[in-house]
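Undergrad: Handing over query.pdb, PDB, N, CA and C atoms, pLDDT in the B column.
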```pdb
ATOM      1  N   MET Z 241       7.251   2.836   9.528  1.00 96.00           N
ATOM      2  CA  MET Z 241       6.090   1.982   9.728  1.00 96.00           C
ATOM      3  C   MET Z 241       5.759   1.288   8.412  1.00 96.00           C
ATOM      4  N   ASN Z 242       5.439   0.009   8.485  1.00 97.00           N
ATOM      5  CA  ASN Z 242       5.066  -0.758   7.311  1.00 97.00           C
ATOM      6  C   ASN Z 242       3.545  -0.729   7.193  1.00 97.00           C
ATOM      7  N   ILE Z 243       3.046  -0.344   6.028  1.00 98.00           N
ATOM      8  CA  ILE Z 243       1.613  -0.166   5.811  1.00 98.00           C
ATOM      9  C   ILE Z 243       1.125  -1.163   4.760  1.00 98.00           C
ATOM     10  N   TYR Z 244       0.033  -1.861   5.085  1.00 98.00           N
ATOM     11  CA  TYR Z 244      -0.605  -2.800   4.158  1.00 98.00           C
ATOM     12  C   TYR Z 244      -1.652  -2.043   3.344  1.00 98.00           C
ATOM     13  N   VAL Z 245      -1.680  -2.280   2.024  1.00 98.00           N
ATOM     14  CA  VAL Z 245      -2.691  -1.671   1.154  1.00 98.00           C
ATOM     15  C   VAL Z 245      -3.360  -2.801   0.378  1.00 98.00           C
ATOM     16  N   GLY Z 246      -4.646  -3.020   0.629  1.00 98.00           N
ATOM     17  CA  GLY Z 246      -5.367  -4.121  -0.010  1.00 98.00           C
ATOM     18  C   GLY Z 246      -6.475  -3.653  -0.931  1.00 98.00           C
ATOM     19  N   ASN Z 247      -7.014  -4.588  -1.715  1.00 98.00           N
ATOM     20  CA  ASN Z 247      -8.080  -4.352  -2.687  1.00 98.00           C
ATOM     21  C   ASN Z 247      -7.650  -3.397  -3.793  1.00 98.00           C
ATOM     22  N   LEU Z 248      -6.374  -3.485  -4.167  1.00 98.00           N
ATOM     23  CA  LEU Z 248      -5.862  -2.635  -5.247  1.00 98.00           C
ATOM     24  C   LEU Z 248      -6.282  -3.172  -6.603  1.00 98.00           C
ATOM     25  N   SER Z 249      -6.483  -2.269  -7.544  1.00 96.00           N
ATOM     26  CA  SER Z 249      -6.707  -2.666  -8.930  1.00 96.00           C
ATOM     27  C   SER Z 249      -5.434  -3.368  -9.417  1.00 96.00           C
ATOM     28  N   TYR Z 250      -5.595  -4.378 -10.274  1.00 96.00           N
ATOM     29  CA  TYR Z 250      -4.429  -5.103 -10.798  1.00 96.00           C
ATOM     30  C   TYR Z 250      -3.566  -4.217 -11.686  1.00 96.00           C
ATOM     31  N   ASP Z 251      -4.097  -3.054 -12.074  1.00 95.00           N
ATOM     32  CA  ASP Z 251      -3.365  -2.147 -12.963  1.00 95.00           C
ATOM     33  C   ASP Z 251      -2.479  -1.146 -12.222  1.00 95.00           C
ATOM     34  N   VAL Z 252      -2.629  -1.043 -10.899  1.00 96.00           N
ATOM     35  CA  VAL Z 252      -1.855  -0.057 -10.136  1.00 96.00           C
ATOM     36  C   VAL Z 252      -0.387  -0.489 -10.081  1.00 96.00           C
ATOM     37  N   SER Z 253       0.512   0.466 -10.362  1.00 95.00           N
ATOM     38  CA  SER Z 253       1.948   0.175 -10.341  1.00 95.00           C
ATOM     39  C   SER Z 253       2.566   0.635  -9.016  1.00 95.00           C
ATOM     40  N   ASP Z 254       3.791   0.183  -8.748  1.00 96.00           N
ATOM     41  CA  ASP Z 254       4.526   0.631  -7.561  1.00 96.00           C
ATOM     42  C   ASP Z 254       4.608   2.154  -7.535  1.00 96.00           C
ATOM     43  N   ASP Z 255       4.902   2.738  -8.702  1.00 96.00           N
ATOM     44  CA  ASP Z 255       5.063   4.194  -8.794  1.00 96.00           C
ATOM     45  C   ASP Z 255       3.765   4.937  -8.470  1.00 96.00           C
ATOM     46  N   GLN Z 256       2.637   4.418  -8.972  1.00 96.00           N
ATOM     47  CA  GLN Z 256       1.348   5.053  -8.697  1.00 96.00           C
ATOM     48  C   GLN Z 256       1.046   5.019  -7.199  1.00 96.00           C
ATOM     49  N   LEU Z 257       1.287   3.862  -6.589  1.00 97.00           N
ATOM     50  CA  LEU Z 257       1.015   3.711  -5.161  1.00 97.00           C
ATOM     51  C   LEU Z 257       1.907   4.651  -4.356  1.00 97.00           C
ATOM     52  N   LYS Z 258       3.168   4.728  -4.730  1.00 97.00           N
ATOM     53  CA  LYS Z 258       4.109   5.613  -4.048  1.00 97.00           C
ATOM     54  C   LYS Z 258       3.644   7.069  -4.135  1.00 97.00           C
ATOM     55  N   GLU Z 259       3.191   7.465  -5.316  1.00 97.00           N
ATOM     56  CA  GLU Z 259       2.715   8.827  -5.540  1.00 97.00           C
ATOM     57  C   GLU Z 259       1.556   9.179  -4.602  1.00 97.00           C
ATOM     58  N   VAL Z 260       0.609   8.250  -4.425  1.00 97.00           N
ATOM     59  CA  VAL Z 260      -0.546   8.471  -3.558  1.00 97.00           C
ATOM     60  C   VAL Z 260      -0.090   8.701  -2.116  1.00 97.00           C
ATOM     61  N   PHE Z 261       0.854   7.882  -1.656  1.00 98.00           N
ATOM     62  CA  PHE Z 261       1.311   7.981  -0.262  1.00 98.00           C
ATOM     63  C   PHE Z 261       2.238   9.169  -0.034  1.00 98.00           C
ATOM     64  N   GLU Z 262       2.939   9.618  -1.075  1.00 98.00           N
ATOM     65  CA  GLU Z 262       3.846  10.757  -0.917  1.00 98.00           C
ATOM     66  C   GLU Z 262       3.114  12.052  -0.592  1.00 98.00           C
ATOM     67  N   ALA Z 263       1.800  12.076  -0.796  1.00 97.00           N
ATOM     68  CA  ALA Z 263       1.009  13.252  -0.424  1.00 97.00           C
ATOM     69  C   ALA Z 263       1.045  13.454   1.100  1.00 97.00           C
ATOM     70  N   PHE Z 264       1.398  12.398   1.841  1.00 98.00           N
ATOM     71  CA  PHE Z 264       1.407  12.463   3.310  1.00 98.00           C
ATOM     72  C   PHE Z 264       2.809  12.506   3.900  1.00 98.00           C
ATOM     73  N   GLY Z 265       3.829  12.301   3.079  1.00 98.00           N
ATOM     74  CA  GLY Z 265       5.196  12.338   3.588  1.00 98.00           C
ATOM     75  C   GLY Z 265       6.127  11.474   2.752  1.00 98.00           C
ATOM     76  N   GLU Z 266       7.330  11.292   3.273  1.00 98.00           N
ATOM     77  CA  GLU Z 266       8.353  10.553   2.530  1.00 98.00           C
ATOM     78  C   GLU Z 266       8.104   9.044   2.590  1.00 98.00           C
ATOM     79  N   VAL Z 267       8.136   8.425   1.410  1.00 98.00           N
ATOM     80  CA  VAL Z 267       7.963   6.976   1.293  1.00 98.00           C
ATOM     81  C   VAL Z 267       9.341   6.360   1.104  1.00 98.00           C
ATOM     82  N   SER Z 268       9.742   5.447   2.003  1.00 97.00           N
ATOM     83  CA  SER Z 268      11.068   4.843   1.863  1.00 97.00           C
ATOM     84  C   SER Z 268      11.058   3.632   0.934  1.00 97.00           C
ATOM     85  N   SER Z 269       9.910   2.928   0.853  1.00 97.00           N
ATOM     86  CA  SER Z 269       9.799   1.847  -0.130  1.00 97.00           C
ATOM     87  C   SER Z 269       8.332   1.561  -0.412  1.00 97.00           C
ATOM     88  N   CYS Z 270       8.103   0.943  -1.563  1.00 97.00           N
ATOM     89  CA  CYS Z 270       6.745   0.664  -2.003  1.00 97.00           C
ATOM     90  C   CYS Z 270       6.795  -0.576  -2.876  1.00 97.00           C
ATOM     91  N   LYS Z 271       5.982  -1.582  -2.571  1.00 97.00           N
ATOM     92  CA  LYS Z 271       6.049  -2.836  -3.324  1.00 97.00           C
ATOM     93  C   LYS Z 271       4.662  -3.432  -3.486  1.00 97.00           C
ATOM     94  N   ILE Z 272       4.264  -3.627  -4.736  1.00 97.00           N
ATOM     95  CA  ILE Z 272       3.022  -4.340  -5.033  1.00 97.00           C
ATOM     96  C   ILE Z 272       3.396  -5.817  -5.122  1.00 97.00           C
ATOM     97  N   ILE Z 273       2.643  -6.663  -4.444  1.00 97.00           N
ATOM     98  CA  ILE Z 273       2.955  -8.097  -4.437  1.00 97.00           C
ATOM     99  C   ILE Z 273       2.413  -8.735  -5.714  1.00 97.00           C
ATOM    100  N   THR Z 274       3.274  -9.505  -6.369  1.00 97.00           N
ATOM    101  CA  THR Z 274       2.892 -10.141  -7.631  1.00 97.00           C
ATOM    102  C   THR Z 274       2.982 -11.662  -7.528  1.00 97.00           C
ATOM    103  N   ASP Z 275       2.237 -12.331  -8.374  1.00 96.00           N
ATOM    104  CA  ASP Z 275       2.252 -13.784  -8.451  1.00 96.00           C
ATOM    105  C   ASP Z 275       3.579 -14.237  -9.052  1.00 96.00           C
ATOM    106  N   ARG Z 276       4.205 -15.231  -8.438  1.00 95.00           N
ATOM    107  CA  ARG Z 276       5.521 -15.691  -8.911  1.00 95.00           C
ATOM    108  C   ARG Z 276       5.484 -16.240 -10.330  1.00 95.00           C
ATOM    109  N   GLN Z 277       4.424 -16.995 -10.666  1.00 96.00           N
ATOM    110  CA  GLN Z 277       4.339 -17.608 -11.993  1.00 96.00           C
ATOM    111  C   GLN Z 277       3.960 -16.598 -13.077  1.00 96.00           C
ATOM    112  N   SER Z 278       2.864 -15.895 -12.857  1.00 95.00           N
ATOM    113  CA  SER Z 278       2.335 -15.027 -13.923  1.00 95.00           C
ATOM    114  C   SER Z 278       2.921 -13.618 -13.913  1.00 95.00           C
ATOM    115  N   GLY Z 279       3.419 -13.178 -12.750  1.00 94.00           N
ATOM    116  CA  GLY Z 279       3.931 -11.816 -12.650  1.00 94.00           C
ATOM    117  C   GLY Z 279       2.835 -10.779 -12.478  1.00 94.00           C
ATOM    118  N   ARG Z 280       1.574 -11.231 -12.424  1.00 95.00           N
ATOM    119  CA  ARG Z 280       0.435 -10.316 -12.250  1.00 95.00           C
ATOM    120  C   ARG Z 280       0.306  -9.888 -10.795  1.00 95.00           C
ATOM    121  N   SER Z 281      -0.214  -8.687 -10.611  1.00 96.00           N
ATOM    122  CA  SER Z 281      -0.453  -8.168  -9.272  1.00 96.00           C
ATOM    123  C   SER Z 281      -1.439  -9.073  -8.536  1.00 96.00           C
ATOM    124  N   LYS Z 282      -1.220  -9.231  -7.226  1.00 97.00           N
ATOM    125  CA  LYS Z 282      -2.157  -9.993  -6.405  1.00 97.00           C
ATOM    126  C   LYS Z 282      -3.209  -9.079  -5.779  1.00 97.00           C
ATOM    127  N   GLY Z 283      -3.139  -7.780  -6.100  1.00 97.00           N
ATOM    128  CA  GLY Z 283      -4.154  -6.853  -5.608  1.00 97.00           C
ATOM    129  C   GLY Z 283      -3.864  -6.258  -4.243  1.00 97.00           C
ATOM    130  N   PHE Z 284      -2.622  -6.428  -3.772  1.00 97.00           N
ATOM    131  CA  PHE Z 284      -2.240  -5.781  -2.516  1.00 97.00           C
ATOM    132  C   PHE Z 284      -0.758  -5.463  -2.523  1.00 97.00           C
ATOM    133  N   GLY Z 285      -0.366  -4.604  -1.595  1.00 97.00           N
ATOM    134  CA  GLY Z 285       1.035  -4.217  -1.535  1.00 97.00           C
ATOM    135  C   GLY Z 285       1.387  -3.629  -0.181  1.00 97.00           C
ATOM    136  N   PHE Z 286       2.624  -3.190  -0.063  1.00 97.00           N
ATOM    137  CA  PHE Z 286       3.120  -2.625   1.184  1.00 97.00           C
ATOM    138  C   PHE Z 286       3.863  -1.326   0.905  1.00 97.00           C
ATOM    139  N   VAL Z 287       3.664  -0.365   1.801  1.00 98.00           N
ATOM    140  CA  VAL Z 287       4.346   0.925   1.703  1.00 98.00           C
ATOM    141  C   VAL Z 287       5.068   1.132   3.024  1.00 98.00           C
ATOM    142  N   GLU Z 288       6.327   1.527   2.954  1.00 98.00           N
ATOM    143  CA  GLU Z 288       7.140   1.777   4.157  1.00 98.00           C
ATOM    144  C   GLU Z 288       7.353   3.279   4.291  1.00 98.00           C
ATOM    145  N   MET Z 289       6.977   3.809   5.451  1.00 98.00           N
ATOM    146  CA  MET Z 289       7.203   5.226   5.738  1.00 98.00           C
ATOM    147  C   MET Z 289       7.939   5.321   7.069  1.00 98.00           C
ATOM    148  N   ASP Z 290       9.039   6.071   7.111  1.00 97.00           N
ATOM    149  CA  ASP Z 290       9.853   6.162   8.321  1.00 97.00           C
ATOM    150  C   ASP Z 290       9.213   7.010   9.415  1.00 97.00           C
ATOM    151  N   ASN Z 291       8.484   8.047   9.008  1.00 97.00           N
ATOM    152  CA  ASN Z 291       7.871   8.949   9.975  1.00 97.00           C
ATOM    153  C   ASN Z 291       6.507   8.390  10.400  1.00 97.00           C
ATOM    154  N   THR Z 292       6.381   8.009  11.672  1.00 97.00           N
ATOM    155  CA  THR Z 292       5.163   7.377  12.175  1.00 97.00           C
ATOM    156  C   THR Z 292       3.945   8.286  12.047  1.00 97.00           C
ATOM    157  N   ALA Z 293       4.102   9.572  12.345  1.00 98.00           N
ATOM    158  CA  ALA Z 293       2.973  10.508  12.260  1.00 98.00           C
ATOM    159  C   ALA Z 293       2.465  10.611  10.822  1.00 98.00           C
ATOM    160  N   GLU Z 294       3.384  10.669   9.862  1.00 98.00           N
ATOM    161  CA  GLU Z 294       2.999  10.736   8.447  1.00 98.00           C
ATOM    162  C   GLU Z 294       2.311   9.442   8.022  1.00 98.00           C
ATOM    163  N   ALA Z 295       2.838   8.320   8.492  1.00 98.00           N
ATOM    164  CA  ALA Z 295       2.259   7.020   8.153  1.00 98.00           C
ATOM    165  C   ALA Z 295       0.843   6.904   8.705  1.00 98.00           C
ATOM    166  N   GLU Z 296       0.652   7.338   9.949  1.00 98.00           N
ATOM    167  CA  GLU Z 296      -0.678   7.269  10.560  1.00 98.00           C
ATOM    168  C   GLU Z 296      -1.665   8.183   9.839  1.00 98.00           C
ATOM    169  N   ALA Z 297      -1.195   9.350   9.392  1.00 98.00           N
ATOM    170  CA  ALA Z 297      -2.046  10.270   8.628  1.00 98.00           C
ATOM    171  C   ALA Z 297      -2.442   9.628   7.299  1.00 98.00           C
ATOM    172  N   ALA Z 298      -1.502   8.955   6.660  1.00 98.00           N
ATOM    173  CA  ALA Z 298      -1.780   8.283   5.386  1.00 98.00           C
ATOM    174  C   ALA Z 298      -2.822   7.182   5.589  1.00 98.00           C
ATOM    175  N   ILE Z 299      -2.655   6.374   6.642  1.00 98.00           N
ATOM    176  CA  ILE Z 299      -3.604   5.293   6.926  1.00 98.00           C
ATOM    177  C   ILE Z 299      -4.996   5.870   7.160  1.00 98.00           C
ATOM    178  N   GLU Z 300      -5.067   6.884   8.005  1.00 98.00           N
ATOM    179  CA  GLU Z 300      -6.355   7.482   8.358  1.00 98.00           C
ATOM    180  C   GLU Z 300      -7.068   8.070   7.134  1.00 98.00           C
ATOM    181  N   ASN Z 301      -6.315   8.747   6.280  1.00 98.00           N
ATOM    182  CA  ASN Z 301      -6.914   9.418   5.127  1.00 98.00           C
ATOM    183  C   ASN Z 301      -7.163   8.502   3.929  1.00 98.00           C
ATOM    184  N   LEU Z 302      -6.348   7.457   3.779  1.00 98.00           N
ATOM    185  CA  LEU Z 302      -6.463   6.632   2.575  1.00 98.00           C
ATOM    186  C   LEU Z 302      -7.325   5.387   2.759  1.00 98.00           C
ATOM    187  N   ASN Z 303      -7.523   4.933   3.997  1.00 98.00           N
ATOM    188  CA  ASN Z 303      -8.362   3.749   4.220  1.00 98.00           C
ATOM    189  C   ASN Z 303      -9.784   4.040   3.747  1.00 98.00           C
ATOM    190  N   GLY Z 304     -10.280   3.222   2.818  1.00 98.00           N
ATOM    191  CA  GLY Z 304     -11.618   3.419   2.280  1.00 98.00           C
ATOM    192  C   GLY Z 304     -11.670   4.376   1.097  1.00 98.00           C
ATOM    193  N   SER Z 305     -10.532   5.007   0.768  1.00 97.00           N
ATOM    194  CA  SER Z 305     -10.516   5.933  -0.370  1.00 97.00           C
ATOM    195  C   SER Z 305     -10.372   5.141  -1.673  1.00 97.00           C
ATOM    196  N   GLU Z 306     -10.524   5.843  -2.779  1.00 97.00           N
ATOM    197  CA  GLU Z 306     -10.424   5.187  -4.084  1.00 97.00           C
ATOM    198  C   GLU Z 306      -9.074   5.401  -4.732  1.00 97.00           C
ATOM    199  N   ILE Z 307      -8.465   4.302  -5.175  1.00 95.00           N
ATOM    200  CA  ILE Z 307      -7.252   4.366  -5.991  1.00 95.00           C
ATOM    201  C   ILE Z 307      -7.575   3.581  -7.258  1.00 95.00           C
ATOM    202  N   ASP Z 308      -7.488   4.248  -8.400  1.00 94.00           N
ATOM    203  CA  ASP Z 308      -7.775   3.626  -9.695  1.00 94.00           C
ATOM    204  C   ASP Z 308      -9.160   2.960  -9.714  1.00 94.00           C
ATOM    205  N   GLY Z 309     -10.140   3.641  -9.114  1.00 95.00           N
ATOM    206  CA  GLY Z 309     -11.517   3.167  -9.176  1.00 95.00           C
ATOM    207  C   GLY Z 309     -11.907   2.091  -8.180  1.00 95.00           C
ATOM    208  N   ARG Z 310     -11.011   1.732  -7.262  1.00 96.00           N
ATOM    209  CA  ARG Z 310     -11.345   0.711  -6.260  1.00 96.00           C
ATOM    210  C   ARG Z 310     -11.154   1.263  -4.861  1.00 96.00           C
ATOM    211  N   SER Z 311     -12.073   0.910  -3.973  1.00 98.00           N
ATOM    212  CA  SER Z 311     -11.996   1.344  -2.582  1.00 98.00           C
ATOM    213  C   SER Z 311     -10.952   0.474  -1.875  1.00 98.00           C
ATOM    214  N   VAL Z 312      -9.880   1.099  -1.393  1.00 98.00           N
ATOM    215  CA  VAL Z 312      -8.762   0.333  -0.831  1.00 98.00           C
ATOM    216  C   VAL Z 312      -8.823   0.226   0.691  1.00 98.00           C
ATOM    217  N   LYS Z 313      -8.219  -0.835   1.183  1.00 98.00           N
ATOM    218  CA  LYS Z 313      -8.116  -1.073   2.621  1.00 98.00           C
ATOM    219  C   LYS Z 313      -6.670  -0.747   3.000  1.00 98.00           C
ATOM    220  N   VAL Z 314      -6.498   0.159   3.955  1.00 98.00           N
ATOM    221  CA  VAL Z 314      -5.157   0.597   4.349  1.00 98.00           C
ATOM    222  C   VAL Z 314      -5.037   0.491   5.869  1.00 98.00           C
ATOM    223  N   ASN Z 315      -4.039  -0.255   6.337  1.00 97.00           N
ATOM    224  CA  ASN Z 315      -3.791  -0.333   7.778  1.00 97.00           C
ATOM    225  C   ASN Z 315      -2.337  -0.693   8.043  1.00 97.00           C
ATOM    226  N   GLU Z 316      -1.971  -0.646   9.318  1.00 97.00           N
ATOM    227  CA  GLU Z 316      -0.602  -1.001   9.677  1.00 97.00           C
ATOM    228  C   GLU Z 316      -0.401  -2.484   9.410  1.00 97.00           C
ATOM    229  N   ALA Z 317       0.687  -2.806   8.714  1.00 96.00           N
ATOM    230  CA  ALA Z 317       0.954  -4.202   8.380  1.00 96.00           C
ATOM    231  C   ALA Z 317       1.312  -4.965   9.647  1.00 96.00           C
ATOM    232  N   ARG Z 318       0.763  -6.167   9.733  1.00 88.00           N
ATOM    233  CA  ARG Z 318       1.081  -7.036  10.870  1.00 88.00           C
ATOM    234  C   ARG Z 318       2.065  -8.101  10.407  1.00 88.00           C
ATOM    235  N   PRO Z 319       2.932  -8.553  11.307  1.00 82.00           N
ATOM    236  CA  PRO Z 319       3.880  -9.610  10.915  1.00 82.00           C
ATOM    237  C   PRO Z 319       3.130 -10.858  10.440  1.00 82.00           C
ATOM    238  N   ARG Z 320       3.699 -11.524   9.451  1.00 75.00           N
ATOM    239  CA  ARG Z 320       3.071 -12.703   8.885  1.00 75.00           C
ATOM    240  C   ARG Z 320       3.155 -13.880   9.837  1.00 75.00           C
ATOM    241  N   ASN Z 321       2.063 -14.629   9.944  1.00 73.00           N
ATOM    242  CA  ASN Z 321       2.045 -15.856  10.751  1.00 73.00           C
ATOM    243  C   ASN Z 321       2.133 -17.053   9.816  1.00 73.00           C
ATOM    244  N   ASP Z 322       3.245 -17.740   9.822  1.00 63.00           N
ATOM    245  CA  ASP Z 322       3.396 -18.918   8.951  1.00 63.00           C
ATOM    246  C   ASP Z 322       3.153 -20.198   9.750  1.00 63.00           C
ATOM    247  N   ASN Z 323       1.908 -20.382  10.185  1.00 57.00           N
ATOM    248  CA  ASN Z 323       1.571 -21.584  10.980  1.00 57.00           C
ATOM    249  C   ASN Z 323       1.121 -22.675  10.068  1.00 57.00           C
TER     250      ASN Z 323
END
```
Starting from the file, lay out its structure as structure tokens.

TA:
Amino acid sequence: MNIYVGNLSYDVSDDQLKEVFEAFGEVSSCKIITDRQSGRSKGFGFVEMDNTAEAEAAIENLNGSEIDGRSVKVNEARPRNDN
């Protein structure tokens, strides 16, 4: 399952985010989205977890929780609409 994580501190790294989600199960990939020009974090990222039950537990427990001092938004990622 692909999980969206929003309202992240610009200081959070891929490794930090992965560590938070690994408390709920195996993380197959983790990517913080960065600006192409500056390379700075855009404040959101995606975490991929193969086990749906673990992913749902992570979403339920981490949505609204604090990571690096910011209350994060965590939900199932929806496909992008490029209209």

Undergrad: Of the candidates Z:Ile243, Z:Ala293, Z:Ala298, Z:Leu257, which one gets nearest to Ile272 of chain Z if we count only C-alpha atoms?

TA: Z:Leu257

Undergrad: Have a look at atom CA of Ser249 of chain Z and atom CA of Glu294 of chain Z and let me know their distance in Å, one decimal.

TA: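 Straight-line distance from atom CA of Ser249 of chain Z to atom CA of Glu294 of chain Z works out to 24.0 Å.
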
Undergrad: Could you tell me how far atom CA of Ile307 of chain Z lies from atom CA of Arg276 of chain Z, in Å and to one decimal?

TA: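 One can read the atom CA of Ile307 of chain Z to atom CA of Arg276 of chain Z distance as 24.0 Å.
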
Undergrad: Quick one: pull the distance between atom CA of Lys271 of chain Z and atom CA of Tyr244 of chain Z, Å, one decimal.

TA: 10.0 Å

Undergrad: Place a sphere of radius 6.5 Å on (-8.8, -5.6, -3.9) in the file coordinates and name every protein, DNA or RNA residue with an atom inside or on its surface, counting all atoms listed in the file; give the answer as a PyMOL selection string.

TA: chain Z and resi 246-249+283-284

Undergrad: Residues of the last selection are to be written out with N, CA and C atoms, as an mmCIF file, keeping the file's coordinate frame.

TA:
```cif
data_model
loop_
_atom_site.group_PDB
_atom_site.id
_atom_site.type_symbol
_atom_site.label_atom_id
_atom_site.label_comp_id
_atom_site.auth_asym_id
_atom_site.auth_seq_id
_atom_site.Cartn_x
_atom_site.Cartn_y
_atom_site.Cartn_z
ATOM 1 N N GLY Z 246 -4.646 -3.020 0.629
ATOM 2 C CA GLY Z 246 -5.367 -4.121 -0.010
ATOM 3 C C GLY Z 246 -6.475 -3.653 -0.931
ATOM 4 N N ASN Z 247 -7.014 -4.588 -1.715
ATOM 5 C CA ASN Z 247 -8.080 -4.352 -2.687
ATOM 6 C C ASN Z 247 -7.650 -3.397 -3.793
ATOM 7 N N LEU Z 248 -6.374 -3.485 -4.167
ATOM 8 C CA LEU Z 248 -5.862 -2.635 -5.247
ATOM 9 C C LEU Z 248 -6.282 -3.172 -6.603
ATOM 10 N N SER Z 249 -6.483 -2.269 -7.544
ATOM 11 C CA SER Z 249 -6.707 -2.666 -8.930
ATOM 12 C C SER Z 249 -5.434 -3.368 -9.417
ATOM 13 N N GLY Z 283 -3.139 -7.780 -6.100
ATOM 14 C CA GLY Z 283 -4.154 -6.853 -5.608
ATOM 15 C C GLY Z 283 -3.864 -6.258 -4.243
ATOM 16 N N PHE Z 284 -2.622 -6.428 -3.772
ATOM 17 C CA PHE Z 284 -2.240 -5.781 -2.516
ATOM 18 C C PHE Z 284 -0.758 -5.463 -2.523
#
```

Undergrad: Which polymer residues have any atom within 6.5 Å of an atom of Met289 of chain Z, counting only N, CA and C atoms, with same-chain residues fewer than 6 positions away left out, as a list in words?

TA: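 Residues meeting the cut-off are Met241, Asn242, Ile243, Glu266, Val267, Ser268, Ser269 and Ala295 of chain Z.
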
Undergrad: My list of candidates is Z:Pro319, Z:Gly265, Z:Gly279, Z:Gly304. Which is closest to Tyr250 of chain Z when distances are computed with only C-alpha atoms?

TA: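 Once distances to Tyr250 of chain Z are computed over only C-alpha atoms, the minimum belongs to Z:Gly279.
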
Undergrad: If you run DSSP on the backbone, which residues of segment 273-321 of chain Z are helix (DSSP H, G or I), as a count of residues only?

TA: 11

Undergrad: What are the DSSP strand (DSSP E) residues of chain Z, as a list in words?

TA: Asn242, Ile243, Tyr244, Val245, Gly246, Ser269, Cys270, Lys271, Ile272, Ile273, Thr274, Ser281, Lys282, Gly283, Phe284, Gly285, Phe286, Val287, Glu288, Glu306, Ile307, Arg310, Ser311, Lys313, Val314, Asn315 and Glu316 of chain Z
